[in-house]
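Everything below belongs to model-v1.txt, which stores compact mmCIF, C-alpha atoms.
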# COMPACT_ATOMS: atom_id res chain seq x y z
CA MET B 1 12.87 13.45 9.52
CA SER B 2 15.46 11.42 7.72
CA TYR B 3 16.98 10.94 4.32
CA LYS B 4 18.56 8.10 2.51
CA ARG B 5 19.99 7.97 -0.93
CA SER B 6 20.70 5.13 -3.28
CA SER B 7 23.60 5.18 -5.68
CA ASP B 8 22.14 2.32 -7.67
CA SER B 9 21.52 3.09 -11.29
CA ARG B 10 20.28 1.02 -14.20
CA PRO B 11 19.53 2.11 -17.72
CA ASP B 12 15.87 1.06 -17.61
CA VAL B 13 12.98 3.50 -17.66
CA PRO B 14 13.17 4.99 -14.18
CA GLY B 15 10.53 3.71 -11.81
CA ILE B 16 9.71 4.10 -8.14
CA GLY B 17 7.28 2.70 -5.60
CA TYR B 18 7.11 3.68 -1.95
CA ASP B 19 5.21 2.30 1.02
CA LEU B 20 5.06 3.09 4.69
CA VAL B 21 3.53 1.13 7.59
CA ASP B 22 2.88 2.72 10.99
CA LEU B 23 3.59 -0.20 13.32
CA SER B 24 1.42 1.26 16.09
CA LEU B 25 -1.58 0.47 13.87
CA THR B 26 -0.64 -3.16 13.47
CA ASP B 27 -1.89 -5.77 15.90
CA PRO B 28 0.55 -8.58 16.73
CA SER B 29 -2.34 -10.79 17.85
CA ARG B 30 -3.72 -10.74 14.28
CA THR B 31 -0.42 -11.17 12.45
CA GLU B 32 -0.76 -14.89 11.86
CA ARG B 33 -4.23 -14.59 10.32
CA LEU B 34 -3.17 -11.60 8.24
CA ALA B 35 -0.09 -13.41 6.99
CA ALA B 36 -2.17 -16.36 5.86
CA LYS B 37 -4.09 -13.97 3.60
CA PHE B 38 -1.26 -12.21 1.83
CA MET B 39 1.94 -14.20 2.14
CA ASN B 40 3.18 -16.84 -0.25
CA ALA B 41 4.41 -20.24 0.92
CA ALA B 42 7.78 -19.47 -0.69
CA GLU B 43 8.26 -16.61 1.78
CA TRP B 44 8.43 -18.86 4.81
CA PRO B 45 10.05 -19.12 7.25
CA ALA B 46 10.82 -15.68 8.64
CA PRO B 47 14.55 -14.89 8.74
CA GLY B 48 16.23 -15.03 12.12
CA PHE B 49 17.02 -11.32 12.23
CA LEU B 50 13.35 -10.29 12.27
CA SER B 51 10.43 -11.17 14.50
CA PHE B 52 7.46 -12.86 12.86
CA HIS B 53 5.47 -9.64 13.22
CA GLN B 54 8.23 -7.48 11.73
CA TYR B 55 8.76 -9.90 8.86
CA CYS B 56 5.10 -10.05 7.91
CA TRP B 57 4.71 -6.29 7.82
CA LEU B 58 8.00 -5.86 6.02
CA CYS B 59 6.73 -8.26 3.36
CA TRP B 60 3.49 -6.30 3.15
CA SER B 61 5.43 -3.07 2.69
CA VAL B 62 7.63 -4.63 0.00
CA LYS B 63 4.59 -5.96 -1.85
CA GLU B 64 2.83 -2.58 -1.73
CA ALA B 65 5.92 -0.75 -2.96
CA VAL B 66 6.41 -3.21 -5.80
CA TYR B 67 2.73 -2.91 -6.72
CA LYS B 68 3.01 0.89 -6.90
CA TYR B 69 6.19 0.54 -8.95
CA SER B 70 4.49 -1.86 -11.36
CA CYS B 71 1.36 0.29 -11.75
CA ARG B 72 3.43 2.94 -13.50
CA THR B 73 3.99 0.65 -16.47
CA GLN B 74 0.85 -1.45 -16.04
CA PRO B 75 -2.07 0.92 -15.37
CA GLY B 76 -5.07 -0.80 -13.87
CA LEU B 77 -2.99 -3.57 -12.33
CA VAL B 78 -4.84 -5.33 -9.49
CA PHE B 79 -2.98 -5.59 -6.18
CA SER B 80 -2.41 -9.30 -5.59
CA PRO B 81 -0.10 -9.43 -2.57
CA ALA B 82 0.08 -13.22 -2.39
CA LYS B 83 1.35 -13.30 -5.97
CA ILE B 84 4.21 -10.85 -5.35
CA VAL B 85 6.85 -13.09 -3.82
CA VAL B 86 9.56 -11.54 -1.64
CA THR B 87 12.89 -13.29 -2.17
CA GLY B 88 16.51 -12.85 -1.20
CA LEU B 89 15.87 -10.66 1.83
CA THR B 90 19.19 -9.63 3.36
CA ALA B 91 19.98 -8.42 6.87
CA SER B 92 20.26 -4.92 5.40
CA LEU B 93 16.63 -5.37 4.29
CA GLU B 94 17.26 -5.45 0.58
CA ALA B 95 15.16 -7.88 -1.41
CA THR B 96 13.71 -8.68 -4.81
CA ALA B 97 10.01 -9.07 -5.47
CA GLY B 98 8.25 -9.48 -8.79
CA GLY B 99 11.58 -8.86 -10.51
CA VAL B 100 11.96 -5.47 -8.80
CA ARG B 101 14.65 -4.54 -6.31
CA THR B 102 13.56 -3.15 -2.98
CA ARG B 103 15.20 -1.57 0.02
CA SER B 104 13.41 -1.25 3.36
CA ARG B 105 14.06 0.45 6.64
CA LEU B 106 12.70 -0.75 9.95
CA SER B 107 12.42 1.30 13.12
CA GLU B 108 10.48 0.75 16.33
CA ASP B 109 7.73 2.93 14.90
CA PHE B 110 7.51 2.24 11.18
CA ILE B 111 8.62 0.23 8.17
CA GLU B 112 9.28 1.94 4.86
CA THR B 113 10.15 0.37 1.52
CA VAL B 114 11.28 1.73 -1.81
CA ALA B 115 10.98 -0.35 -4.98
CA PHE B 116 13.35 1.05 -7.55
CA ASN B 117 15.50 0.62 -10.61
CA SER B 118 17.17 4.04 -10.50
CA ALA B 119 18.89 6.34 -8.04
CA PHE B 120 16.31 7.61 -5.58
CA LEU B 121 15.76 9.73 -2.53
CA ALA B 122 13.25 8.85 0.15
CA GLU B 123 12.00 10.88 3.04
CA VAL B 124 9.66 10.03 5.89
CA THR B 125 8.22 12.41 8.42
CA GLY B 126 6.31 11.96 11.64
CA GLU B 127 5.40 15.62 11.70
CA PRO B 128 1.78 16.52 11.04
CA CYS B 129 1.35 16.91 7.32
CA ASP B 130 -1.15 16.29 4.59
CA GLY B 131 -0.90 15.47 0.92
CA ARG B 132 -0.19 19.07 -0.04
CA ASP B 133 2.73 19.28 2.39
CA LEU B 134 4.17 16.08 1.00
CA HIS B 135 3.72 17.25 -2.58
CA ALA B 136 5.43 20.55 -1.81
CA ARG B 137 8.29 18.79 -0.08
CA ALA B 138 8.79 16.38 -2.97
CA ALA B 139 8.70 19.25 -5.47
CA ALA B 140 11.28 21.19 -3.44
CA LEU B 141 13.64 18.24 -3.49
CA ALA B 142 13.12 17.35 -7.13
CA GLY B 143 16.31 19.07 -8.24
CA GLY B 144 18.38 16.75 -6.06
CA PRO B 145 19.34 16.54 -2.38
CA GLY B 146 20.49 19.84 -0.95
CA GLU B 147 19.93 21.72 -4.15
CA PHE B 148 16.34 22.73 -3.52
CA ALA B 149 16.04 23.61 -7.18
CA GLY B 150 12.36 22.88 -7.00
CA ASP B 151 11.07 25.99 -8.72
CA GLY B 152 8.32 25.14 -11.12
CA TRP B 153 7.94 21.48 -10.14
CA CYS B 154 4.45 20.31 -9.41
CA VAL B 155 2.84 16.97 -8.71
CA SER B 156 0.61 15.59 -11.42
CA HIS B 157 -1.52 12.47 -11.07
CA ARG B 158 -2.40 10.24 -13.98
CA GLU B 159 -6.03 9.22 -14.35
CA ASP B 160 -5.30 6.04 -12.39
CA GLY B 161 -3.67 8.06 -9.60
CA CYS B 162 -0.04 7.34 -10.48
CA PRO B 163 1.93 10.49 -9.51
CA SER B 164 4.85 12.24 -11.18
CA LEU B 165 6.71 15.48 -10.65
CA ILE B 166 6.36 17.66 -13.73
CA ARG B 167 8.26 20.77 -14.82
CA GLY B 168 7.86 21.83 -18.42
CA THR B 169 8.75 18.79 -20.48
CA GLU B 170 10.59 17.10 -17.59
CA THR B 171 8.92 14.23 -15.74
CA ARG B 172 10.26 12.61 -12.62
CA PRO B 173 8.48 9.59 -11.10
CA VAL B 174 7.47 9.98 -7.45
CA SER B 175 5.56 7.77 -5.01
CA PHE B 176 3.75 8.81 -1.83
CA SER B 177 2.55 6.90 1.21
CA HIS B 178 0.74 7.83 4.40
CA HIS B 179 -0.21 5.60 7.31
CA GLY B 180 -1.15 6.66 10.80
CA ARG B 181 1.42 9.03 12.27
CA PHE B 182 3.78 8.92 9.30
CA ALA B 183 3.92 10.14 5.75
CA GLY B 184 6.67 9.89 3.19
CA PHE B 185 7.66 9.74 -0.42
CA ALA B 186 10.41 8.55 -2.73
CA LEU B 187 11.41 10.17 -5.98
CA VAL B 188 13.71 9.30 -8.82
CA LEU B 189 16.80 11.48 -8.85
CA PRO B 190 18.19 13.06 -12.00
CA MET O 1 -31.36 -17.25 6.85
CA ILE O 2 -30.81 -15.66 3.46
CA MET O 3 -29.40 -12.14 3.57
CA ASP O 4 -30.25 -9.88 0.66
CA ARG O 5 -27.73 -7.41 -0.69
CA HIS O 6 -29.15 -4.58 1.38
CA ALA O 7 -28.84 -6.60 4.59
CA ILE O 8 -25.26 -7.55 3.74
CA LEU O 9 -24.48 -3.90 3.01
CA GLU O 10 -25.79 -2.79 6.40
CA GLU O 11 -23.62 -5.38 8.16
CA LEU O 12 -20.67 -4.49 5.96
CA LYS O 13 -20.86 -0.89 7.16
CA LYS O 14 -20.18 -2.17 10.69
CA VAL O 15 -17.16 -4.11 9.44
CA LEU O 16 -15.79 -1.09 7.61
CA GLY O 17 -16.48 1.40 10.40
CA PRO O 18 -13.26 0.96 12.42
CA TYR O 19 -11.14 1.53 9.30
CA ILE O 20 -12.79 4.71 8.06
CA LYS O 21 -11.78 7.97 9.70
CA ASN O 22 -14.52 10.10 8.21
CA LYS O 23 -17.68 8.30 9.29
CA GLU O 24 -19.80 10.56 7.08
CA LEU O 25 -18.39 8.73 4.07
CA LEU O 26 -20.20 5.60 5.25
CA GLN O 27 -23.59 7.25 5.03
CA ASN O 28 -23.60 7.59 1.26
CA ILE O 29 -21.97 4.38 0.14
CA ASN O 30 -23.43 2.35 -2.68
CA GLU O 31 -22.30 -0.67 -4.69
CA THR O 32 -19.93 1.36 -6.86
CA THR O 33 -18.11 2.90 -3.88
CA ASN O 34 -14.42 2.04 -3.95
CA LEU O 35 -12.86 1.15 -0.60
CA ILE O 36 -9.58 2.95 -1.20
CA ALA O 37 -10.47 5.79 -3.55
CA ASP O 38 -13.83 6.74 -2.05
CA LEU O 39 -13.77 5.56 1.57
CA ARG O 40 -10.04 6.24 1.95
CA VAL O 41 -9.41 2.90 3.59
CA ASN O 42 -5.67 2.42 3.98
CA SER O 43 -4.53 -0.49 1.86
CA ALA O 44 -2.82 -1.97 4.92
CA ASN O 45 -6.31 -2.41 6.40
CA LEU O 46 -7.79 -4.29 3.43
CA VAL O 47 -6.71 -7.62 4.84
CA ASP O 48 -8.13 -6.64 8.25
CA ILE O 49 -11.47 -6.02 6.56
CA VAL O 50 -11.38 -9.44 4.90
CA ILE O 51 -10.65 -11.12 8.24
CA ASP O 52 -13.39 -9.14 10.01
CA ALA O 53 -15.86 -10.01 7.24
CA GLU O 54 -15.00 -13.69 7.66
CA ALA O 55 -15.81 -13.45 11.35
CA LYS O 56 -18.96 -11.38 10.83
CA TYR O 57 -20.49 -13.77 8.25
CA ASN O 58 -18.85 -16.97 9.48
CA ILE O 59 -17.30 -17.61 6.08
CA GLU O 60 -13.82 -18.19 4.69
CA ILE O 61 -12.58 -15.86 1.99
CA ASP O 62 -9.74 -17.24 -0.12
CA VAL O 63 -6.94 -15.08 -1.50
CA ASP O 64 -8.36 -14.90 -5.02
CA SER O 65 -11.76 -13.80 -3.75
CA ALA O 66 -10.20 -11.27 -1.37
CA GLU O 67 -8.43 -9.60 -4.29
CA LYS O 68 -11.81 -8.92 -5.89
CA MET O 69 -13.07 -6.98 -2.87
CA THR O 70 -12.29 -3.50 -4.11
CA THR O 71 -15.77 -1.98 -4.21
CA ILE O 72 -18.81 -2.36 -1.97
CA GLY O 73 -20.56 -4.27 -4.76
CA SER O 74 -17.71 -6.71 -5.23
CA CYS O 75 -17.51 -7.22 -1.45
CA ILE O 76 -21.20 -8.13 -1.41
CA ASP O 77 -20.70 -10.44 -4.40
CA VAL O 78 -17.94 -12.34 -2.60
CA ILE O 79 -19.86 -12.53 0.69
CA GLN O 80 -22.98 -13.78 -1.07
CA GLU O 81 -20.96 -16.39 -2.93
CA LYS O 82 -19.30 -17.62 0.27
CA LEU O 83 -22.66 -17.72 2.02
CA GLY O 84 -23.82 -19.96 -0.79
CA GLN O 85 -26.49 -17.54 -1.84
CA PRO O 86 -27.46 -16.60 -5.39
CA SER O 87 -26.36 -13.08 -6.36
Go ahead and express the file in the form of structure tokens.
Amino acid sequence: MSYKRSSDSRPDVPGIGYDLVDLSLTDPSRTERLAAKFMNAAEWPAPGFLSFHQYCWLCWSVKEAVYKYSCRTQPGLVFSPAKIVVTGLTASLEATAGGVRTRSRLSEDFIETVAFNSAFLAEVTGEPCDGRDLHARAAALAGGPGEFAGDGWCVSHREDGCPSLIRGTETRPVSFSHHGRFAGFALVLP
Amino acid sequence: MIMDRHAILEELKKVLGPYIKNKELLQNINETTNLIADLRVNSANLVDIVIDAEAKYNIEIDVDSAEKMTTIGSCIDVIQEKLGQPS
């Protein structure tokens, strides 16, 4: 289990999108064909600090996170990965896609990405869990890292599935992802 | 050989099989079934399904068509179109 926190803050409406890829479920022998289906010509070539396989799945994760971020303000948006162009990827795995900033983390086992415009907290776990566990964990952390002031927070899904943490009149955007052995979420901090 | 929608659906079940954990979900699919919401296909596997469908039907599915493949019905529409068959 791990945490990371962003100190970035912008005065926009807070948004969040989170995606997770279990790399054990990706097949390097198919990467080239997959990439041809969802990557944009402007995203080539892969940067020298990533393998072709890592780069392709990192781009996928960025595109998914940005799509989830965008769905919050554009309900019903269709996922068009080839049209979300990943640009400005740095060695620290920060990028911009579709006008949204993203930050990714790459390990031997997984890639995770948060698309954000506010301070956020993200958590990924490889422990067995289901949606309810994740929801409870997100609610517990909704008051801020270490505060565990989660009393009364619950996860509410919009009709289109877009989730938020709700307590009384307070709403805090949250985004969940699950793939293979891993599950995680990112939420907007107060 | 012209494949009708039912025949395409039966073949499509074989394509989808490896990406669906709960195989019982496959038994009751119809044209309105959504791949993600109803069959719980992980979005990371959607491109795999497109590639497998290309191989299964010996067709090429372009990016714009692939984006339409969100339900069983829309998958069949795209496959029929690429096979050059009337829908």
Let me have the centre and edge lengths in Å, one decimal, of the box along x, y and z around every listed atom of segment 86-99 of chain B with 6 Å of margin on each side, as lines of an AutoDock Vina configuration file.
center_x = 14.3
center_y = -9.1
center_z = -1.8
size_x = 24.0
size_y = 20.4
size_z = 29.4
What is the atom CA of Ser80 of chain B-atom CA of Glu67 of chain O distance in Å, reported with one decimal?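 About the pair atom CA of Ser80 of chain B and atom CA of Glu67 of chain O: they are 6.2 Å apart.
Those residues that approach segment 70-87 of chain O to within 6 Å, counting only C-alpha atoms, are Glu31, Thr32, Thr33, Asn34, Leu35 and Lys68 of chain O; same-chain residues fewer than 2 positions away are not listed.
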Output file for the residues above (C-alpha atoms, as a tab-separated table (two decimals), keeping the file's coordinate frame):
chain	number	residue	atom	x	y	z
O	31	GLU	CA	-22.30	-0.67	-4.69
O	32	THR	CA	-19.93	1.36	-6.86
O	33	THR	CA	-18.11	2.90	-3.88
O	34	ASN	CA	-14.42	2.04	-3.95
O	35	LEU	CA	-12.86	1.15	-0.60
O	68	LYS	CA	-11.81	-8.92	-5.89
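All of the residues in chain O within 9 Å of chain B are Asn42, Ser43, Ala44, Val47, Asp48, Val50, Ile51, Ile61, Asp62, Val63, Asp64, Ala66, Glu67 and Lys68 of chain O, where only C-alpha atoms were counted.
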Report the distance between atom CA of Arg105 of chain B and atom CA of Gly76 of chain B in Å, rounded to one decimal place. 28.1 Å
Separation of atom CA of Ala65 of chain B and atom CA of Ile29 of chain O, in Å?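 Result for atom CA of Ala65 of chain B versus atom CA of Ile29 of chain O: 28.5 Å, one decimal.
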Quick one: everything within 12 Å of Val114 of chain B, counting all atoms listed in the file, minus sequence neighbours fewer than 5 positions away in the same chain. Send it as a ChimeraX atom specification. /B:4-6,15-20,58,61-69,93-97,100-105,119-124,174-177,184-188
